[in-house]
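Asker: Below is the file protein17.cif, with mmCIF, C-alpha atoms.
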data_model
#
loop_
_atom_site.label_atom_id
_atom_site.label_comp_id
_atom_site.auth_asym_id
_atom_site.auth_seq_id
_atom_site.Cartn_x
_atom_site.Cartn_y
_atom_site.Cartn_z
CA MET A 15 7.66 -65.07 70.27
CA THR A 16 9.88 -62.02 70.73
CA LEU A 17 12.34 -61.43 67.91
CA PRO A 18 15.03 -58.87 68.74
CA PRO A 19 15.99 -56.41 65.98
CA LEU A 20 18.90 -57.13 63.65
CA PHE A 21 21.39 -54.90 61.92
CA ILE A 22 22.80 -56.44 58.74
CA SER A 23 25.68 -55.10 56.67
CA HIS A 24 24.56 -56.08 53.18
CA GLY A 25 27.67 -55.20 51.17
CA ALA A 26 27.57 -55.24 47.38
CA PRO A 27 24.76 -57.01 45.50
CA ASP A 28 27.06 -59.93 44.62
CA LEU A 29 26.80 -60.95 48.29
CA LEU A 30 23.97 -63.21 47.10
CA LEU A 31 26.26 -65.36 44.97
CA ASN A 32 29.87 -64.82 46.04
CA GLY A 33 30.16 -67.55 48.69
CA SER A 34 31.95 -65.14 51.04
CA ALA A 35 32.11 -65.48 54.81
CA ALA A 36 29.21 -63.03 55.11
CA ASN A 37 27.20 -64.99 52.53
CA GLN A 38 27.66 -68.19 54.55
CA ALA A 39 26.94 -66.45 57.85
CA LEU A 40 23.58 -65.08 56.71
CA LYS A 41 22.58 -68.54 55.54
CA GLN A 42 23.40 -69.87 59.01
CA ILE A 43 21.69 -67.04 60.91
CA GLY A 44 18.48 -67.46 58.95
CA LEU A 45 15.02 -66.43 60.09
CA PRO A 46 12.88 -68.29 62.64
CA ASP A 47 10.13 -70.46 61.17
CA LEU A 48 7.57 -68.79 63.43
CA ALA A 49 8.40 -65.23 62.39
CA ALA A 50 5.13 -63.48 61.56
CA ALA A 51 6.74 -61.04 59.12
CA VAL A 52 9.95 -59.19 58.34
CA VAL A 53 10.11 -55.38 58.39
CA VAL A 54 13.22 -53.95 56.72
CA ILE A 55 14.65 -50.43 56.84
CA SER A 56 17.25 -50.26 54.07
CA ALA A 57 19.87 -47.67 53.19
CA HIS A 58 18.56 -47.64 49.63
CA TRP A 59 15.18 -45.99 50.20
CA GLU A 60 15.13 -42.60 51.88
CA SER A 61 12.24 -40.17 52.29
CA GLU A 62 11.16 -37.25 54.46
CA THR A 63 7.80 -38.85 55.23
CA ALA A 64 7.96 -42.49 56.27
CA GLU A 65 6.65 -44.76 53.52
CA ILE A 66 5.51 -48.32 54.11
CA THR A 67 5.17 -50.91 51.37
CA ALA A 68 1.58 -52.15 51.30
CA SER A 69 1.25 -54.34 48.23
CA GLU A 70 0.28 -57.99 48.41
CA ARG A 71 3.26 -59.01 46.24
CA PRO A 72 6.14 -56.50 46.39
CA ALA A 73 8.32 -56.55 43.30
CA THR A 74 12.04 -57.33 43.38
CA ILE A 75 13.87 -54.10 42.54
CA HIS A 76 17.19 -54.47 40.69
CA ASP A 77 18.67 -51.14 41.72
CA PHE A 78 22.17 -52.01 40.47
CA ARG A 79 24.06 -52.76 37.27
CA GLY A 80 27.23 -54.55 36.30
CA PHE A 81 26.92 -57.67 38.47
CA GLY A 82 25.96 -60.09 35.71
CA PRO A 83 22.75 -61.61 34.36
CA ALA A 84 22.22 -64.09 37.20
CA LEU A 85 21.74 -61.26 39.71
CA GLU A 86 19.74 -59.16 37.30
CA ARG A 87 17.31 -62.06 36.80
CA ALA A 88 17.05 -63.04 40.46
CA ILE A 89 13.75 -62.46 42.23
CA TYR A 90 12.61 -62.74 45.83
CA PRO A 91 8.91 -63.63 45.62
CA ALA A 92 7.90 -63.05 49.26
CA ALA A 93 4.38 -61.86 49.92
CA GLY A 94 3.65 -58.48 51.38
CA ALA A 95 1.49 -57.88 54.44
CA PRO A 96 -0.99 -55.08 53.69
CA GLU A 97 -2.89 -55.51 56.96
CA LEU A 98 0.30 -55.27 59.03
CA ALA A 99 1.40 -52.31 56.91
CA GLY A 100 -1.79 -50.54 57.96
CA GLU A 101 -1.09 -51.31 61.61
CA ILE A 102 2.45 -49.95 61.26
CA HIS A 103 1.06 -46.81 59.66
CA ALA A 104 -1.18 -46.30 62.69
CA LEU A 105 1.70 -47.08 65.07
CA LEU A 106 3.90 -44.43 63.48
CA GLN A 107 1.14 -41.85 63.49
CA MET A 108 0.56 -42.49 67.20
CA ALA A 109 4.27 -41.79 67.74
CA GLY A 110 3.95 -38.49 65.91
CA ILE A 111 5.79 -39.72 62.81
CA ALA A 112 4.28 -38.67 59.48
CA ALA A 113 3.73 -41.78 57.37
CA ARG A 114 1.92 -43.04 54.30
CA LEU A 115 1.29 -46.38 52.65
CA ASN A 116 2.97 -47.08 49.32
CA ARG A 117 1.13 -49.74 47.32
CA SER A 118 3.45 -49.73 44.30
CA ARG A 119 7.03 -49.89 45.61
CA GLY A 120 8.87 -53.18 45.83
CA LEU A 121 11.92 -54.37 47.79
CA ASP A 122 15.35 -52.91 47.00
CA HIS A 123 18.55 -54.95 47.10
CA GLY A 124 19.30 -53.87 50.67
CA ALA A 125 16.15 -55.76 51.65
CA TRP A 126 15.80 -58.74 49.35
CA ILE A 127 19.41 -59.86 48.93
CA PRO A 128 20.12 -60.57 52.62
CA LEU A 129 16.65 -62.10 52.98
CA ALA A 130 17.27 -64.36 49.99
CA LEU A 131 20.24 -65.79 51.91
CA MET A 132 18.49 -65.94 55.28
CA ARG A 133 15.17 -67.29 54.03
CA PRO A 134 15.48 -68.56 50.45
CA GLU A 135 12.01 -70.13 50.68
CA ALA A 136 10.56 -66.57 50.66
CA ASP A 137 7.65 -67.86 52.74
CA ILE A 138 7.60 -65.07 55.35
CA PRO A 139 5.85 -61.80 54.41
CA VAL A 140 8.08 -58.75 53.98
CA ILE A 141 7.41 -55.04 54.46
CA GLN A 142 9.93 -52.30 53.77
CA ILE A 143 9.86 -48.89 55.46
CA SER A 144 11.78 -45.94 54.07
CA LEU A 145 14.78 -44.59 55.95
CA PRO A 146 14.48 -41.10 57.51
CA ARG A 147 16.86 -38.35 56.47
CA SER A 148 18.32 -37.57 59.92
CA ASP A 149 19.92 -39.55 62.73
CA ALA A 150 17.32 -38.35 65.22
CA ALA A 151 14.46 -39.41 62.98
CA ALA A 152 16.07 -42.81 62.39
CA ILE A 153 16.22 -43.31 66.16
CA ALA A 154 12.61 -42.16 66.60
CA LEU A 155 11.49 -44.62 63.93
CA GLY A 156 13.20 -47.49 65.72
CA ARG A 157 11.60 -46.60 69.03
CA ALA A 158 8.17 -46.42 67.42
CA LEU A 159 8.62 -49.84 65.80
CA ALA A 160 9.90 -51.54 68.98
CA PRO A 161 6.53 -53.12 69.95
CA LEU A 162 6.54 -55.22 66.77
CA SER A 163 9.36 -57.38 68.13
CA GLY A 164 7.04 -58.73 70.81
CA ARG A 165 4.59 -59.79 68.10
CA GLY A 166 7.05 -62.05 66.34
CA VAL A 167 7.98 -59.51 63.67
CA GLN A 168 11.64 -59.49 62.69
CA LEU A 169 12.88 -55.91 62.39
CA VAL A 170 15.97 -55.51 60.21
CA GLY A 171 18.13 -52.45 59.70
CA SER A 172 20.08 -53.08 56.51
CA GLY A 173 23.10 -50.89 55.78
CA SER A 174 26.85 -51.24 56.24
CA LEU A 175 28.98 -50.69 59.29
CA THR A 176 31.55 -49.10 57.01
CA HIS A 177 30.79 -47.93 53.50
CA ALA A 178 33.85 -46.45 51.79
CA LEU A 179 32.41 -47.34 48.41
CA ALA A 180 34.99 -45.37 46.42
CA ASP A 181 37.72 -47.54 47.95
CA ALA A 182 35.89 -50.82 47.30
CA PHE A 183 36.35 -51.15 43.54
CA GLY A 184 40.02 -52.12 43.46
CA PRO A 185 40.57 -54.74 46.19
CA VAL A 186 39.54 -58.37 45.85
CA GLU A 187 36.71 -59.72 48.01
CA THR A 188 39.11 -61.31 50.52
CA ALA A 189 41.46 -58.33 50.91
CA PRO A 190 42.55 -57.57 54.50
CA SER A 191 40.96 -54.64 56.24
CA ALA A 192 42.24 -51.20 55.36
CA PRO A 193 43.62 -49.34 58.40
CA PHE A 194 41.17 -46.43 58.05
CA ALA A 195 38.19 -48.82 57.95
CA ALA A 196 39.48 -50.91 60.85
CA ALA A 197 39.95 -47.77 62.98
CA PHE A 198 36.32 -46.73 62.51
CA HIS A 199 35.14 -50.28 63.18
CA ASP A 200 37.20 -50.53 66.37
CA TRP A 201 35.72 -47.24 67.63
CA VAL A 202 32.11 -48.14 66.96
CA ARG A 203 32.10 -51.81 67.96
CA PRO A 204 32.13 -51.46 71.79
CA LEU A 205 29.44 -48.79 71.59
CA ILE A 206 27.17 -51.12 69.63
CA ALA A 207 27.88 -53.89 72.13
CA ARG A 208 26.62 -51.59 74.90
CA GLY A 209 23.66 -50.37 72.86
CA ASP A 210 24.92 -46.85 73.55
CA LEU A 211 22.79 -44.68 71.29
CA ALA A 212 23.97 -41.42 72.86
CA ALA A 213 27.59 -42.18 71.99
CA LEU A 214 26.74 -43.61 68.59
CA SER A 215 24.87 -40.44 67.72
CA GLN A 216 28.31 -38.81 67.75
CA TRP A 217 29.60 -41.22 65.11
CA ARG A 218 30.90 -38.38 62.95
CA ASP A 219 33.61 -37.89 65.59
CA ALA A 220 34.92 -41.43 65.04
CA PRO A 221 38.28 -41.97 63.29
CA HIS A 222 37.96 -41.51 59.53
CA ALA A 223 34.18 -41.17 59.79
CA ALA A 224 33.85 -39.10 56.61
CA ARG A 225 35.84 -41.60 54.56
CA ASN A 226 33.94 -44.61 55.92
CA HIS A 227 30.58 -42.88 55.53
CA PRO A 228 30.81 -40.04 53.01
CA THR A 229 27.00 -40.06 53.17
CA PRO A 230 25.09 -41.29 56.23
CA GLU A 231 22.43 -43.58 54.81
CA HIS A 232 24.30 -46.85 55.43
CA PHE A 233 24.90 -46.00 59.10
CA ARG A 234 21.38 -44.86 60.00
CA PRO A 235 19.75 -48.33 59.78
CA LEU A 236 22.06 -49.29 62.66
CA LEU A 237 20.63 -46.46 64.78
CA THR A 238 17.10 -47.61 63.94
CA ALA A 239 17.85 -51.21 64.91
CA ILE A 240 19.48 -50.25 68.21
CA ALA A 241 16.60 -47.92 69.08
CA ALA A 242 14.11 -50.69 68.31
CA GLY A 243 16.07 -52.89 70.74
CA GLN A 244 15.19 -50.46 73.56
CA GLY A 245 18.63 -50.31 75.11
CA GLN A 246 19.46 -54.01 74.86
CA PRO A 247 23.15 -54.76 74.37
CA GLY A 248 24.33 -55.76 70.92
CA HIS A 249 25.37 -59.35 70.22
CA LEU A 250 27.80 -59.70 67.32
CA LEU A 251 26.60 -62.59 65.16
CA HIS A 252 29.15 -62.15 62.39
CA HIS A 253 32.16 -60.05 61.44
CA SER A 254 34.19 -60.16 58.25
CA TRP A 255 35.48 -57.77 55.61
CA SER A 256 34.46 -57.39 52.00
CA ARG A 257 37.04 -55.84 49.67
CA GLY A 258 38.94 -54.64 52.73
CA VAL A 259 36.71 -51.61 53.33
CA LEU A 260 33.17 -52.93 53.90
CA ALA A 261 32.71 -54.30 57.41
CA MET A 262 30.10 -57.05 57.07
CA ASP A 263 28.94 -57.06 60.69
CA VAL A 264 25.62 -58.59 61.72
CA TRP A 265 24.30 -57.58 65.15
CA ARG A 266 21.28 -58.62 67.22
CA PHE A 267 19.84 -56.42 69.97
CA GLY A 268 18.34 -58.64 72.65
CA GLU A 269 17.51 -62.34 72.91
CA ILE A 270 14.97 -64.45 71.08
CA THR A 271 12.28 -65.59 73.52
CA PRO A 272 9.57 -68.15 72.76
CA GLY A 273 5.93 -67.29 73.08
CA PRO A 274 3.35 -69.16 75.20
CA ALA A 275 3.28 -72.90 74.67
#
Rewrite the coordinates I just gave you, this time as structure tokens.

Answerer:
Amino acid sequence: MTLPPLFISHGAPDLLLNGSAANQALKQIGLPDLAAAVVVISAHWESETAEITASERPATIHDFRGFGPALERAIYPAAGAPELAGEIHALLQMAGIAARLNRSRGLDHGAWIPLALMRPEADIPVIQISLPRSDAAAIALGRALAPLSGRGVQLVGSGSLTHALADAFGPVETAPSAPFAAAFHDWVRPLIARGDLAALSQWRDAPHAARNHPTPEHFRPLLTAIAAGQGQPGHLLHHSWSRGVLAMDVWRFGEITPGPA
């Protein structure tokens, strides 16, 4: 089975419980039963050298506060995949990407919260890989990971298509899109649909780019996912707004194809 890469806008941690349009969409999108593993690159773990979780049972990291006891108690008890982590380590080294295994780190909320909606059974192993600190390195990581899709591994870039966090604290969840956020979204959307990495690498030239992404870590998982898709066009699986400034887009790069019967 070939599983094309996904980009998921994960929003705030309360996505898990808020019943929003994005919450419902992720439940519907789900993960295929035959997925061998999930490999997530999240905005919430950055490093110069690529790190790969390699524990048998990665912990659930609650890297947030103020969202209530239900979220702070929630866990996502998926297994890790140490053997696959070792294979990914070798794959990255072959691509000239410095990498190391991390046997102690768990899954941050950019990884486990969308997965808890997509696969609440937590019966598919999960690996997380740290996000590089440059656009070019994020693209190189995606290209190096591309062969995993053909092995039934679901690659996920987890970030946010827009991330004007300072503007997100006042509006209600269902607020209409702010003009500055909509302008950035309208600029980037056709480029994602074409899988146009060259144009997307110039994302800082988009309307209101600095306000939508005052720091780049929530945009870079998109670059990784597109690169892993090897030029396949993007298919928009979901679009909605959270708090009027967080575009909750979910994109897939390529088509799911079954393996041999």

Asker: So how many Å separate atom CA of Arg133 of chain A and atom CA of Val52 of chain A, to one decimal?

Answerer: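 Those two atoms sit 10.6 Å apart.
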
Asker: Which residues, named as in the file, does the PyMOL selection byres ((chain A and resi 205) around 12) pick out? Answer as a compact mmCIF listing (two decimals) with C-alpha atoms, keeping the file's coordinate frame.

Answerer:
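Full text of part_29.txt as output:
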# COMPACT_ATOMS: atom_id res chain seq x y z
CA PHE A 198 36.32 -46.73 62.51
CA HIS A 199 35.14 -50.28 63.18
CA ASP A 200 37.20 -50.53 66.37
CA TRP A 201 35.72 -47.24 67.63
CA VAL A 202 32.11 -48.14 66.96
CA ARG A 203 32.10 -51.81 67.96
CA PRO A 204 32.13 -51.46 71.79
CA ILE A 206 27.17 -51.12 69.63
CA ALA A 207 27.88 -53.89 72.13
CA ARG A 208 26.62 -51.59 74.90
CA GLY A 209 23.66 -50.37 72.86
CA ASP A 210 24.92 -46.85 73.55
CA LEU A 211 22.79 -44.68 71.29
CA ALA A 212 23.97 -41.42 72.86
CA ALA A 213 27.59 -42.18 71.99
CA LEU A 214 26.74 -43.61 68.59
CA SER A 215 24.87 -40.44 67.72
CA GLN A 216 28.31 -38.81 67.75
CA TRP A 217 29.60 -41.22 65.11
CA ALA A 220 34.92 -41.43 65.04
CA LEU A 236 22.06 -49.29 62.66
CA LEU A 237 20.63 -46.46 64.78
CA ILE A 240 19.48 -50.25 68.21
CA GLY A 245 18.63 -50.31 75.11
CA GLN A 246 19.46 -54.01 74.86
CA PRO A 247 23.15 -54.76 74.37
CA GLY A 248 24.33 -55.76 70.92
CA HIS A 249 25.37 -59.35 70.22
CA LEU A 250 27.80 -59.70 67.32

Asker: What does the PyMOL selection byres ((chain A and resi 76-78) around 12) select in this file, as number ranges by chain?

Answerer: A: 26-28, 58-59, 73-75, 79-90, 120-127

Asker: Show which residues sit within 12 Å of Ala151 of chain A, as a list in words. Count only C-alpha atoms, and ignore same-chain residues fewer than 3 positions away.

Answerer: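 Close residues of Ala151 of chain A: Glu60, Ser61, Glu62, Thr63, Ala64, Leu106, Ala109, Gly110, Ile111, Ala112, Ser144, Leu145, Pro146, Arg147, Ser148, Ala154, Leu155, Gly156, Arg157, Ala158, Ser215, Arg234, Pro235, Leu237, Thr238 and Ala241 of chain A.
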
Asker: Export C-alpha atoms of the chosen residues as a compact mmCIF listing (two decimals), in the coordinates of the input?

Answerer:
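That gives us part_7.txt:
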# COMPACT_ATOMS: atom_id res chain seq x y z
CA GLU A 60 15.13 -42.60 51.88
CA SER A 61 12.24 -40.17 52.29
CA GLU A 62 11.16 -37.25 54.46
CA THR A 63 7.80 -38.85 55.23
CA ALA A 64 7.96 -42.49 56.27
CA LEU A 106 3.90 -44.43 63.48
CA ALA A 109 4.27 -41.79 67.74
CA GLY A 110 3.95 -38.49 65.91
CA ILE A 111 5.79 -39.72 62.81
CA ALA A 112 4.28 -38.67 59.48
CA SER A 144 11.78 -45.94 54.07
CA LEU A 145 14.78 -44.59 55.95
CA PRO A 146 14.48 -41.10 57.51
CA ARG A 147 16.86 -38.35 56.47
CA SER A 148 18.32 -37.57 59.92
CA ALA A 154 12.61 -42.16 66.60
CA LEU A 155 11.49 -44.62 63.93
CA GLY A 156 13.20 -47.49 65.72
CA ARG A 157 11.60 -46.60 69.03
CA ALA A 158 8.17 -46.42 67.42
CA SER A 215 24.87 -40.44 67.72
CA ARG A 234 21.38 -44.86 60.00
CA PRO A 235 19.75 -48.33 59.78
CA LEU A 237 20.63 -46.46 64.78
CA THR A 238 17.10 -47.61 63.94
CA ALA A 241 16.60 -47.92 69.08

Asker: Using Å and a single decimal, report how far atom CA of Ile141 of chain A sits from atom CA of Trp255 of chain A.

Answerer: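 Taking atom CA of Trp255 of chain A as the start and atom CA of Ile141 of chain A as the end point, the length is 28.2 Å.
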
Asker: Would you kindly translate the PyMOL selection byres ((chain A and resi 177-184) around 10) into the concrete residues it picks from this file, as an mmCIF file with C-alpha atoms, in the coordinates of the input?

Answerer:
data_model
loop_
_atom_site.group_PDB
_atom_site.id
_atom_site.type_symbol
_atom_site.label_atom_id
_atom_site.label_comp_id
_atom_site.auth_asym_id
_atom_site.auth_seq_id
_atom_site.Cartn_x
_atom_site.Cartn_y
_atom_site.Cartn_z
ATOM 1 C CA SER A 23 25.680 -55.100 56.670
ATOM 2 C CA GLY A 25 27.670 -55.200 51.170
ATOM 3 C CA ALA A 26 27.570 -55.240 47.380
ATOM 4 C CA GLY A 173 23.100 -50.890 55.780
ATOM 5 C CA SER A 174 26.850 -51.240 56.240
ATOM 6 C CA LEU A 175 28.980 -50.690 59.290
ATOM 7 C CA THR A 176 31.550 -49.100 57.010
ATOM 8 C CA PRO A 185 40.570 -54.740 46.190
ATOM 9 C CA VAL A 186 39.540 -58.370 45.850
ATOM 10 C CA GLU A 187 36.710 -59.720 48.010
ATOM 11 C CA ALA A 189 41.460 -58.330 50.910
ATOM 12 C CA ALA A 192 42.240 -51.200 55.360
ATOM 13 C CA PHE A 194 41.170 -46.430 58.050
ATOM 14 C CA ALA A 195 38.190 -48.820 57.950
ATOM 15 C CA ALA A 223 34.180 -41.170 59.790
ATOM 16 C CA ALA A 224 33.850 -39.100 56.610
ATOM 17 C CA ARG A 225 35.840 -41.600 54.560
ATOM 18 C CA ASN A 226 33.940 -44.610 55.920
ATOM 19 C CA HIS A 227 30.580 -42.880 55.530
ATOM 20 C CA PRO A 228 30.810 -40.040 53.010
ATOM 21 C CA THR A 229 27.000 -40.060 53.170
ATOM 22 C CA PRO A 230 25.090 -41.290 56.230
ATOM 23 C CA GLU A 231 22.430 -43.580 54.810
ATOM 24 C CA HIS A 232 24.300 -46.850 55.430
ATOM 25 C CA PHE A 233 24.900 -46.000 59.100
ATOM 26 C CA SER A 256 34.460 -57.390 52.000
ATOM 27 C CA ARG A 257 37.040 -55.840 49.670
ATOM 28 C CA GLY A 258 38.940 -54.640 52.730
ATOM 29 C CA VAL A 259 36.710 -51.610 53.330
ATOM 30 C CA LEU A 260 33.170 -52.930 53.900
ATOM 31 C CA ALA A 261 32.710 -54.300 57.410
ATOM 32 C CA MET A 262 30.100 -57.050 57.070
#

Asker: Between A:Gly100, A:Gly243, A:Pro272, A:Pro190, which one has atoms that come closest to Leu169 of chain A, using only C-alpha atoms?

Answerer: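 With only C-alpha atoms as the atom set, the closest residue is A:Gly243.
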
Asker: Using all atoms listed in the file, pick whichever of A:Ile55, A:Ile102, A:Val140, A:Ala95 has the shortest atom-to-atom distance to Pro19 of chain A.

Answerer: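 Comparing A:Ile55, A:Ile102, A:Val140, A:Ala95 against Pro19 of chain A, the winner is A:Ile55.
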